[in-house]
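Dumped protein-v6.txt below, it's compact mmCIF, C-alpha atoms:
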# COMPACT_ATOMS: atom_id res chain seq x y z
CA MET A 284 0.00 0.00 0.00
CA ALA A 285 1.43 3.29 -1.06
CA THR A 286 1.82 5.96 1.60
CA LEU A 287 2.02 9.64 1.11
CA ALA A 288 5.17 11.23 2.44
CA PRO A 289 4.40 14.15 4.72
CA SER A 290 4.87 17.45 3.02
CA ARG A 291 7.97 19.27 4.10
CA PRO A 292 7.17 22.60 5.73
CA ALA A 293 8.81 25.67 4.33
CA PRO A 294 11.68 26.99 6.48
CA LEU A 295 9.66 29.93 7.74
CA ALA A 296 11.65 30.33 10.90
CA THR A 297 14.77 31.17 8.96
CA THR A 298 13.16 33.64 6.61
CA PRO A 299 14.18 37.19 7.60
CA GLY A 300 10.77 38.63 6.76
CA VAL A 301 9.07 36.04 8.95
CA ARG A 302 11.49 36.60 11.81
CA ALA A 303 10.28 40.22 11.80
CA ALA A 304 6.67 39.39 10.99
CA ALA A 305 5.47 41.23 14.08
CA VAL A 306 6.62 44.56 12.66
CA ARG A 307 5.39 44.11 9.09
CA HIS A 308 2.39 46.36 9.66
CA LEU A 309 4.14 48.73 12.09
CA GLY A 310 3.68 52.15 10.50
CA PRO A 311 5.22 55.53 11.32
CA ASN A 312 2.00 56.49 13.13
CA TRP A 313 3.30 54.55 16.14
CA TYR A 314 5.68 57.41 16.89
CA ALA A 315 2.62 59.35 18.06
CA SER A 316 2.70 57.27 21.23
CA VAL A 317 6.21 58.54 21.96
CA MET A 318 5.15 62.13 21.31
CA GLY A 319 2.08 61.81 23.51
CA THR A 320 4.07 60.28 26.36
CA ALA A 321 6.91 62.82 26.17
CA VAL A 322 4.56 65.81 26.20
CA VAL A 323 2.93 64.59 29.41
CA ALA A 324 6.38 64.90 30.99
CA THR A 325 7.44 68.24 29.50
CA ALA A 326 4.07 69.94 30.00
CA GLY A 327 4.01 68.84 33.61
CA ALA A 328 7.54 70.13 34.21
CA ASN A 329 6.46 73.76 33.69
CA LEU A 330 2.95 73.53 35.10
CA PRO A 331 2.23 76.77 37.05
CA VAL A 332 1.27 74.97 40.24
CA HIS A 333 3.29 73.24 42.94
CA VAL A 334 2.37 69.59 43.38
CA PRO A 335 4.63 67.47 45.60
CA GLY A 336 6.25 64.71 43.60
CA LEU A 337 5.05 66.07 40.24
CA ARG A 338 8.55 66.61 38.84
CA THR A 339 9.64 63.11 39.85
CA ALA A 340 6.55 61.63 38.22
CA CYS A 341 7.17 63.65 35.07
CA THR A 342 10.78 62.50 34.98
CA ALA A 343 9.60 58.90 35.19
CA VAL A 344 7.23 59.52 32.27
CA TRP A 345 10.13 61.05 30.32
CA ALA A 346 12.14 57.87 30.99
CA LEU A 347 9.21 55.82 29.67
CA SER A 348 9.07 57.94 26.51
CA SER A 349 12.81 57.39 26.01
CA VAL A 350 12.39 53.63 26.26
CA LEU A 351 9.45 53.75 23.84
CA LEU A 352 11.52 55.78 21.38
CA LEU A 353 14.39 53.30 21.45
CA ALA A 354 12.00 50.37 21.03
CA LEU A 355 10.21 51.98 18.10
CA LEU A 356 13.42 53.04 16.37
CA THR A 357 14.56 49.42 16.56
CA ALA A 358 11.22 48.04 15.39
CA ARG A 359 10.99 50.51 12.50
CA ALA A 360 14.56 49.67 11.46
CA LEU A 361 13.54 45.99 11.31
CA HIS A 362 10.48 47.04 9.32
CA TRP A 363 12.62 48.77 6.70
CA ILE A 364 15.17 45.94 6.57
CA HIS A 365 12.72 43.02 6.28
CA HIS A 366 9.61 44.61 4.81
CA ARG A 367 10.75 47.21 2.33
CA ASP A 368 7.76 46.49 0.11
CA ARG A 369 5.45 47.51 2.94
CA ALA A 370 7.58 50.54 3.77
CA ARG A 371 7.31 51.74 0.16
CA GLU A 372 3.55 51.22 0.29
CA HIS A 373 3.43 53.47 3.35
CA LEU A 374 5.32 56.23 1.54
CA LEU A 375 2.99 56.03 -1.45
CA ASP A 376 -0.18 55.91 0.63
CA PRO A 377 -1.56 59.44 1.22
CA ALA A 378 -3.19 58.26 4.45
CA VAL A 379 0.08 56.97 5.94
CA ALA A 380 2.91 59.04 4.46
CA PRO A 381 2.19 62.22 6.50
CA PHE A 382 2.89 60.25 9.68
CA TYR A 383 6.59 60.29 8.78
CA GLY A 384 6.55 63.73 10.38
CA CYS A 385 5.95 61.97 13.71
CA LEU A 386 9.48 60.55 13.71
CA SER A 387 10.92 64.05 13.82
CA MET A 388 8.56 65.18 16.56
CA ALA A 389 9.22 62.06 18.64
CA LEU A 390 12.97 62.72 18.55
CA LEU A 391 12.49 66.38 19.40
CA ALA A 392 10.01 65.74 22.21
CA VAL A 393 12.22 63.19 23.94
CA GLY A 394 15.27 65.42 23.44
CA GLY A 395 13.54 68.42 25.00
CA GLY A 396 12.39 66.27 27.90
CA THR A 397 15.93 65.07 28.42
CA LEU A 398 17.21 68.60 28.94
CA LEU A 399 14.21 69.68 31.03
CA LEU A 400 13.83 66.59 33.21
CA GLY A 401 16.34 63.88 32.36
CA ARG A 402 19.17 66.05 33.67
CA ASP A 403 17.90 65.28 37.19
CA TRP A 404 18.79 61.60 36.72
CA ILE A 405 21.62 61.49 34.19
CA GLY A 406 23.32 64.84 34.82
CA LEU A 407 23.50 67.99 32.72
CA PRO A 408 26.43 67.05 30.42
CA ALA A 409 24.79 63.80 29.30
CA ALA A 410 21.37 65.44 28.97
CA LEU A 411 22.82 68.27 26.90
CA ALA A 412 24.65 65.86 24.60
CA ILE A 413 21.54 63.73 24.06
CA ASP A 414 19.32 66.73 23.40
CA THR A 415 21.82 68.18 20.95
CA VAL A 416 21.88 64.95 18.96
CA LEU A 417 18.11 64.45 19.04
CA PHE A 418 17.39 68.10 18.24
CA THR A 419 19.75 68.07 15.27
CA ALA A 420 18.43 64.77 13.92
CA GLY A 421 14.81 65.70 14.56
CA THR A 422 15.16 69.07 12.87
CA LEU A 423 16.84 67.66 9.77
CA ILE A 424 14.31 64.84 9.48
CA GLY A 425 11.47 67.31 10.04
CA LEU A 426 12.68 69.61 7.28
CA ALA A 427 13.10 66.65 4.94
CA ALA A 428 9.57 65.45 5.71
CA ALA A 429 8.16 68.96 5.28
CA VAL A 430 9.47 68.92 1.70
CA ALA A 431 9.31 65.24 0.71
CA ILE A 432 5.76 64.43 1.89
CA PRO A 433 4.09 67.41 0.15
CA TYR A 434 6.15 66.53 -2.95
CA LEU A 435 4.77 62.99 -2.89
CA MET A 436 1.28 64.37 -2.36
CA VAL A 437 1.65 66.43 -5.51
CA VAL A 438 3.32 63.94 -7.86
CA ARG A 439 2.49 60.43 -6.58
CA HIS A 440 -0.49 60.39 -4.23
CA HIS A 441 -4.08 60.21 -5.35
CA ILE A 442 -5.78 62.61 -2.95
CA GLU A 443 -9.46 61.99 -2.27
CA ALA A 444 -10.12 64.61 0.41
CA ALA A 445 -8.24 66.96 2.72
CA SER A 446 -7.27 65.45 6.05
CA PRO A 447 -5.88 66.84 9.32
CA VAL A 448 -2.99 64.37 9.04
CA TRP A 449 -1.61 66.63 6.28
CA LEU A 450 -0.46 68.91 9.09
CA LEU A 451 1.91 66.34 10.59
CA PRO A 452 4.94 66.86 8.32
CA VAL A 453 4.65 70.65 8.26
CA VAL A 454 4.19 71.07 12.02
CA ALA A 455 7.48 69.27 12.78
CA PRO A 456 9.62 72.41 12.17
CA MET A 457 7.42 74.24 14.68
CA VAL A 458 8.40 71.70 17.34
CA SER A 459 12.04 72.43 16.54
CA ALA A 460 11.31 76.14 16.83
CA ALA A 461 9.75 75.68 20.27
CA LEU A 462 12.46 73.40 21.69
CA GLY A 463 15.58 74.90 20.09
CA PRO A 464 15.79 77.86 22.52
CA LEU A 465 16.37 75.37 25.37
CA LEU A 466 19.89 74.94 24.02
CA LEU A 467 20.73 78.66 23.97
CA PRO A 468 21.99 78.99 27.58
CA HIS A 469 24.49 76.21 26.88
CA MET A 470 25.98 77.81 23.75
CA PRO A 471 28.76 80.39 23.44
CA ALA A 472 27.50 83.96 23.59
CA GLY A 473 27.40 85.97 20.41
CA GLN A 474 26.90 84.72 16.87
CA ALA A 475 26.18 81.12 17.83
CA ARG A 476 23.25 81.98 20.08
CA GLU A 477 21.86 84.60 17.72
CA THR A 478 22.06 82.24 14.77
CA LEU A 479 20.18 79.45 16.56
CA LEU A 480 17.46 81.79 17.80
CA ILE A 481 16.94 83.34 14.37
CA ALA A 482 17.00 79.87 12.79
CA CYS A 483 14.26 78.78 15.19
CA TYR A 484 12.27 81.84 14.21
CA ALA A 485 12.69 80.87 10.55
CA LEU A 486 11.46 77.36 11.37
CA PHE A 487 8.48 79.01 13.05
CA GLY A 488 7.71 80.84 9.80
CA ILE A 489 8.11 77.74 7.64
CA SER A 490 5.63 75.78 9.71
CA LEU A 491 3.18 78.63 10.31
CA LEU A 492 2.79 79.59 6.65
CA ALA A 493 2.48 75.96 5.56
CA THR A 494 -0.16 75.40 8.23
CA LEU A 495 -2.12 78.46 7.12
CA THR A 496 -2.33 77.04 3.60
CA MET A 497 -3.73 73.72 4.84
CA LEU A 498 -6.16 74.69 7.61
CA PRO A 499 -8.74 76.21 5.21
CA LEU A 500 -8.68 72.97 3.20
CA VAL A 501 -9.30 70.88 6.31
CA PHE A 502 -12.17 73.05 7.52
CA GLY A 503 -13.62 73.26 4.02
CA ARG A 504 -13.58 69.46 3.84
CA LEU A 505 -15.60 69.28 7.05
CA VAL A 506 -18.17 71.81 5.90
CA THR A 507 -18.67 70.40 2.43
CA GLY A 508 -18.02 66.71 3.05
CA GLY A 509 -19.36 66.21 6.54
CA PRO A 510 -17.68 64.48 9.49
CA PRO A 511 -14.75 62.14 8.79
CA PRO A 512 -15.10 58.35 9.20
CA LEU A 513 -15.55 57.30 12.82
CA ALA A 514 -12.04 55.88 13.26
CA LEU A 515 -10.47 59.05 11.85
CA THR A 516 -12.51 61.53 13.89
CA PRO A 517 -9.81 61.86 16.59
CA THR A 518 -7.42 63.23 13.94
CA LEU A 519 -9.38 66.49 14.12
CA PHE A 520 -7.41 67.15 17.31
CA LEU A 521 -4.24 67.35 15.18
CA VAL A 522 -5.25 70.89 14.23
CA LEU A 523 -4.47 71.88 17.81
CA GLY A 524 -0.83 70.91 17.28
CA PRO A 525 0.35 73.85 15.17
CA LEU A 526 -1.85 76.24 17.16
CA GLY A 527 -0.55 75.27 20.58
CA GLN A 528 3.01 74.67 19.41
CA SER A 529 3.27 78.04 17.67
CA THR A 530 2.01 79.76 20.84
CA THR A 531 4.60 77.81 22.82
CA ALA A 532 7.34 78.80 20.36
CA ALA A 533 6.41 82.48 20.52
CA ASN A 534 6.70 82.37 24.30
CA THR A 535 10.02 80.53 24.29
CA PHE A 536 11.38 83.17 21.91
CA ALA A 537 10.32 85.83 24.41
CA ASP A 538 12.03 83.92 27.22
CA ALA A 539 15.27 83.46 25.29
CA ALA A 540 15.64 86.74 23.37
CA PRO A 541 16.87 89.00 26.24
CA GLY A 542 20.64 88.77 26.34
CA VAL A 543 20.78 87.14 22.92
CA LEU A 544 19.36 89.82 20.62
CA PRO A 545 19.60 93.63 20.82
CA ALA A 546 17.04 95.29 23.08
CA PRO A 547 14.49 96.40 20.44
CA TYR A 548 14.19 92.87 19.04
CA ALA A 549 14.17 91.24 22.47
CA HIS A 550 11.29 93.49 23.57
CA GLY A 551 9.59 92.80 20.26
CA PHE A 552 9.59 89.07 20.91
CA GLY A 553 8.03 89.72 24.32
CA ALA A 554 5.20 91.71 22.78
CA PHE A 555 4.81 89.19 19.96
CA ALA A 556 4.36 86.33 22.43
CA VAL A 557 1.20 87.95 23.81
CA LEU A 558 -0.12 89.63 20.67
CA TYR A 559 0.19 86.39 18.71
CA GLY A 560 -0.42 83.82 21.43
CA VAL A 561 -3.67 85.12 22.91
CA PRO A 562 -5.78 85.10 19.71
CA VAL A 563 -4.27 81.81 18.53
CA MET A 564 -5.01 80.20 21.88
CA GLY A 565 -8.56 81.51 21.60
CA PHE A 566 -8.95 79.81 18.22
CA ALA A 567 -7.40 76.64 19.64
CA LEU A 568 -10.08 76.53 22.34
CA LEU A 569 -12.76 77.06 19.69
CA TRP A 570 -11.37 74.17 17.65
CA LEU A 571 -11.05 72.03 20.79
CA ALA A 572 -14.78 72.50 21.44
CA LEU A 573 -15.68 71.69 17.81
CA ALA A 574 -13.43 68.64 17.60
CA GLY A 575 -14.60 67.44 21.02
CA ALA A 576 -18.23 67.66 19.95
CA LEU A 577 -17.52 65.66 16.78
CA VAL A 578 -15.63 63.03 18.79
CA LEU A 579 -18.55 62.66 21.19
CA ARG A 580 -20.86 62.28 18.19
CA ALA A 581 -18.59 59.60 16.72
CA ARG A 582 -18.38 57.82 20.06
CA ARG A 583 -22.16 57.65 20.30
CA ARG A 584 -22.18 56.10 16.84
CA GLY A 585 -19.81 53.34 17.84
CA MET A 586 -16.29 54.73 17.40
CA GLY A 587 -13.92 52.19 18.91
CA PHE A 588 -10.28 52.47 19.89
CA ALA A 589 -7.66 52.97 17.20
CA LEU A 590 -4.17 54.42 17.23
CA THR A 591 -5.73 57.69 16.11
CA TRP A 592 -6.69 58.16 19.78
CA TRP A 593 -3.10 59.30 20.36
CA ALA A 594 -4.18 62.50 18.61
CA PHE A 595 -5.83 63.40 21.91
CA THR A 596 -2.41 63.69 23.59
CA PHE A 597 0.39 65.63 21.89
CA PRO A 598 -1.81 68.36 20.32
CA VAL A 599 -3.51 68.99 23.67
CA GLY A 600 -0.08 69.00 25.31
CA THR A 601 1.07 71.80 23.03
CA CYS A 602 -1.92 73.84 24.18
CA VAL A 603 -0.86 73.20 27.78
CA THR A 604 2.65 74.53 27.13
CA GLY A 605 1.19 77.45 25.18
CA ALA A 606 -1.08 78.38 28.08
CA GLU A 607 1.85 78.04 30.50
CA GLY A 608 3.85 80.51 28.42
CA LEU A 609 0.98 82.99 28.28
CA ALA A 610 0.57 82.69 32.04
CA ARG A 611 4.24 83.67 32.46
CA HIS A 612 4.10 86.65 30.14
CA THR A 613 0.68 88.05 31.04
CA GLY A 614 0.58 87.17 34.73
CA LEU A 615 -3.10 86.28 34.33
CA ASP A 616 -4.57 83.57 36.53
CA ALA A 617 -6.95 82.70 33.68
CA PHE A 618 -4.10 81.22 31.65
CA ARG A 619 -2.67 79.54 34.72
CA TRP A 620 -5.92 77.71 35.38
CA LEU A 621 -6.36 76.99 31.70
CA ALA A 622 -2.99 75.23 31.66
CA ILE A 623 -3.93 73.18 34.71
CA ALA A 624 -7.32 72.19 33.27
CA LEU A 625 -5.83 71.22 29.91
CA TYR A 626 -3.10 69.23 31.63
CA ALA A 627 -5.76 67.23 33.47
CA VAL A 628 -7.40 66.49 30.11
CA LEU A 629 -4.01 65.52 28.68
CA VAL A 630 -3.20 63.07 31.47
CA ALA A 631 -6.65 61.47 31.25
CA ALA A 632 -6.35 61.10 27.46
CA TRP A 633 -2.85 59.65 27.78
CA LEU A 634 -3.96 57.07 30.34
CA VAL A 635 -6.84 55.96 28.13
CA ALA A 636 -4.74 55.78 24.95
CA ALA A 637 -1.85 54.02 26.69
CA THR A 638 -4.12 51.46 28.36
CA HIS A 639 -5.89 50.56 25.13
CA THR A 640 -2.61 50.45 23.22
CA LEU A 641 -1.04 48.09 25.76
CA ARG A 642 -4.12 45.88 25.61
CA GLY A 643 -3.99 45.84 21.82
CA LEU A 644 -0.30 44.93 21.84
CA VAL A 645 -0.86 42.06 24.26
CA SER A 646 -3.72 40.69 22.19
CA GLY A 647 -1.85 41.27 18.93
CA ALA A 648 -4.75 43.18 17.40
CA LEU A 649 -2.80 46.39 16.81
CA LEU A 650 0.03 44.65 14.97
CA ALA A 651 -2.23 42.53 12.77
CA GLY A 652 -2.45 43.50 9.14
CA PRO A 653 -5.63 44.79 7.53
CA GLY A 654 -7.93 41.93 6.68
CA SER A 655 -5.84 39.41 8.61
CA ALA A 656 -8.88 38.20 10.51
CA ARG A 657 -10.86 37.48 7.38
CA SER A 658 -10.23 36.04 3.95
CA ALA A 659 -11.46 39.04 2.01
CA PRO A 660 -9.07 40.38 -0.63
CA ARG A 661 -6.58 42.86 0.70
CA ARG A 662 -7.23 46.46 -0.24
CA ALA A 663 -4.56 48.57 -1.83
CA ARG A 664 -4.80 51.32 0.73
CA VAL A 665 -2.87 50.78 3.94
CA ARG A 666 -4.82 51.04 7.15
CA THR A 667 -3.61 53.91 9.35
CA THR A 668 -5.36 52.96 12.51
Can you dump the structure from the file as structure tokens?
Amino acid sequence: MATLAPSRPAPLATTPGVRAAAVRHLGPNWYASVMGTAVVATAGANLPVHVPGLRTACTAVWALSSVLLLALLTARALHWIHHRDRAREHLLDPAVAPFYGCLSMALLAVGGGTLLLGRDWIGLPAALAIDTVLFTAGTLIGLAAAVAIPYLMVVRHHIEAASPVWLLPVVAPMVSAALGPLLLPHMPAGQARETLLIACYALFGISLLATLTMLPLVFGRLVTGGPPPLALTPTLFLVLGPLGQSTTAANTFADAAPGVLPAPYAHGFGAFAVLYGVPVMGFALLWLALAGALVLRARRRGMGFALTWWAFTFPVGTCVTGAEGLARHTGLDAFRWLAIALYAVLVAAWLVAATHTLRGLVSGALLAGPGSARSAPRRARVRTT
């Protein structure tokens, strides 16, 4: 009687792509978790209220963001090494490509936190060295993304509708503008300090003008096309990013300018911080109310957790730091309490997003590819949530 020889299994375990199968669907949007964690630390460091143990807690959160950054940098390197086909798909997908701006902002956020908080644990020389490296890398990557992603949008992407995620690559230079002045006290006086401060101001202009060209498109899409899909509704909070971060940058310029620039310009930055920051913060609160109402509407209609929930963290955190700066320069208790209230919202949003993300990682749901749970044909568009 003839017997069938058992089929020999393919050597999957030795295939590089299979060894890194867990990161095949790991997109650049995961860097948002690093950004959201780091801003909880940095926003809490300058909160205009004394809470015993707050700085230690914020330093511990900074340490967590640093670990997350190292883990994601490693995972994304494996993704590019073993799954270049998927990485190219991400770059050519208009829903995913803008998230490459998150890499820059993750590096910058952790670097700024290192100089603000990490110095307590690792010492100033080490903190300064790390921030210098991360700031330089983050700024260069951010500028590259601010050019490359819009270029791809023009020549390669098929755009169906405007999306708030378009802001991600162009807001990265604004993060550099806001965090660059932290390095000024550690630089030689004279040309070096002036050059960095003016360069940060130029980065401010790059991001602000690019944002102003995109915001009308995003709002017009809402008015004419209606609310976004349920899973993408949290991305409306991304609009808060350039608003809060530009207010933060204007205030850090005002803090840093005295002693770096001649008196007329130093005083000008102080006036600009208030004259610019107050109306922009007002619009940010208006948008926060609108986006919050649309999120509540989506939640009532069954919006479940997705990685887009991390949009509730970093953008809100920039509004916290913006309100903190306005509290310093106006002396108004209204901005002080606004910063405290927004920080409470930030911490609550971070806890919710982090808990659901950890649960999704443990279950494997967040690292599963689109359509992996069903046999339906795979769509060409890459899922961003």
| query | So which one's closest to A:Pro377, A:Ala409, A:Ala549, A:Ile432, A:Ala540? Using all atoms listed in the file, please. | reply |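 Answer, going by the shortest atom-to-atom distance: A:Ile432.
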| task | Tell me which of A:Ser459, A:Asn312, A:Gln528, A:Thr342 sits closest to A:Met388, counting only C-alpha atoms. | result |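 Going through A:Ser459, A:Asn312, A:Gln528, A:Thr342 one by one, the smallest distance to A:Met388 is for A:Ser459.
Contact shell of A:Gly608 at 7 Å (all atoms listed in the file; same-chain neighbours under 3 positions omitted): Thr531, Asn534, Thr604, Gly605, Arg611 and His612 of chain A.
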| said: Show me the residues close to (-8.2, 67.4, 25.1) - anything with an atom within 9 Å, counting only C-alpha atoms - and format the list as a PyMOL selection string. | reply: chain A and resi 520+571+575+595-596+598-600+625-629+631-632
| Best match for closeness to A:Ala533 among A:Leu426, A:Ala594, A:Ala554, A:Val323, counting only C-alpha atoms | A:Ala554
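Among A:Ile413, A:Ala370, A:Val603, A:Val322, the residue with the shortest atom-to-atom distance to A:Arg619, counting all atoms listed in the file, is A:Val603.
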Give me, as a tab-separated table, the closest atom pair and its distance (Å, one decimal) for every residue of stretch 537-619 of chain A within a cut-off of 12 Å of stretch 490-514 of chain A, counting only C-alpha atoms, rows sorted by chain and rising number.
residue	atom	partner	partner_atom	distance
A:Tyr559	CA	A:Leu491	CA	11.8
A:Val563	CA	A:Leu491	CA	11.5
A:Trp570	CA	A:Phe502	CA	10.2
A:Leu573	CA	A:Phe502	CA	11.0
A:Ala574	CA	A:Pro510	CA	10.1
A:Ala576	CA	A:Pro510	CA	10.9
A:Leu577	CA	A:Pro510	CA	7.4
A:Val578	CA	A:Leu513	CA	8.3
A:Leu579	CA	A:Leu513	CA	10.4
A:Arg580	CA	A:Leu513	CA	9.0
A:Ala581	CA	A:Leu513	CA	5.5
A:Arg582	CA	A:Leu513	CA	7.8
A:Arg583	CA	A:Leu513	CA	10.0
A:Arg584	CA	A:Leu513	CA	7.8
A:Gly585	CA	A:Leu513	CA	7.7
A:Met586	CA	A:Leu513	CA	5.3
A:Gly587	CA	A:Ala514	CA	7.0
A:Phe588	CA	A:Ala514	CA	7.7
A:Ala589	CA	A:Ala514	CA	6.6
A:Leu590	CA	A:Ala514	CA	8.9
A:Thr591	CA	A:Ala514	CA	7.2
A:Trp592	CA	A:Ala514	CA	8.7
A:Trp593	CA	A:Ala514	CA	11.9
A:Ala594	CA	A:Ala514	CA	11.6
| atom CA of A:Ala420 to atom CA of A:Ser387: how many Å, to one decimal? | 7.5 Å
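Among the candidate residues A:Phe555, A:Tyr548, A:Tyr484, A:Trp633, the one lying nearest to A:Leu609 is A:Phe555, with distances computed using only C-alpha atoms.
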| query | If you measure from atom CA of A:His639 to atom CA of A:Thr397, what distance in Å do you get, rounded to one decimal? | reply | 26.4 Å
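Note that atom CA of A:Phe382 and atom CA of A:Arg307 are 16.3 Å apart.
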| message | Please return as JSON, numbers by chain every residue within 12 Å of (-6.5, 82.8, 20.9), taking into account only C-alpha atoms and the file's own coordinates. | response | {"A": [523, 526, 527, 529, 530, 556, 557, 558, 559, 560, 561, 562, 563, 564, 565, 566, 567, 568, 569, 570, 571, 602, 605, 606, 609, 618]}
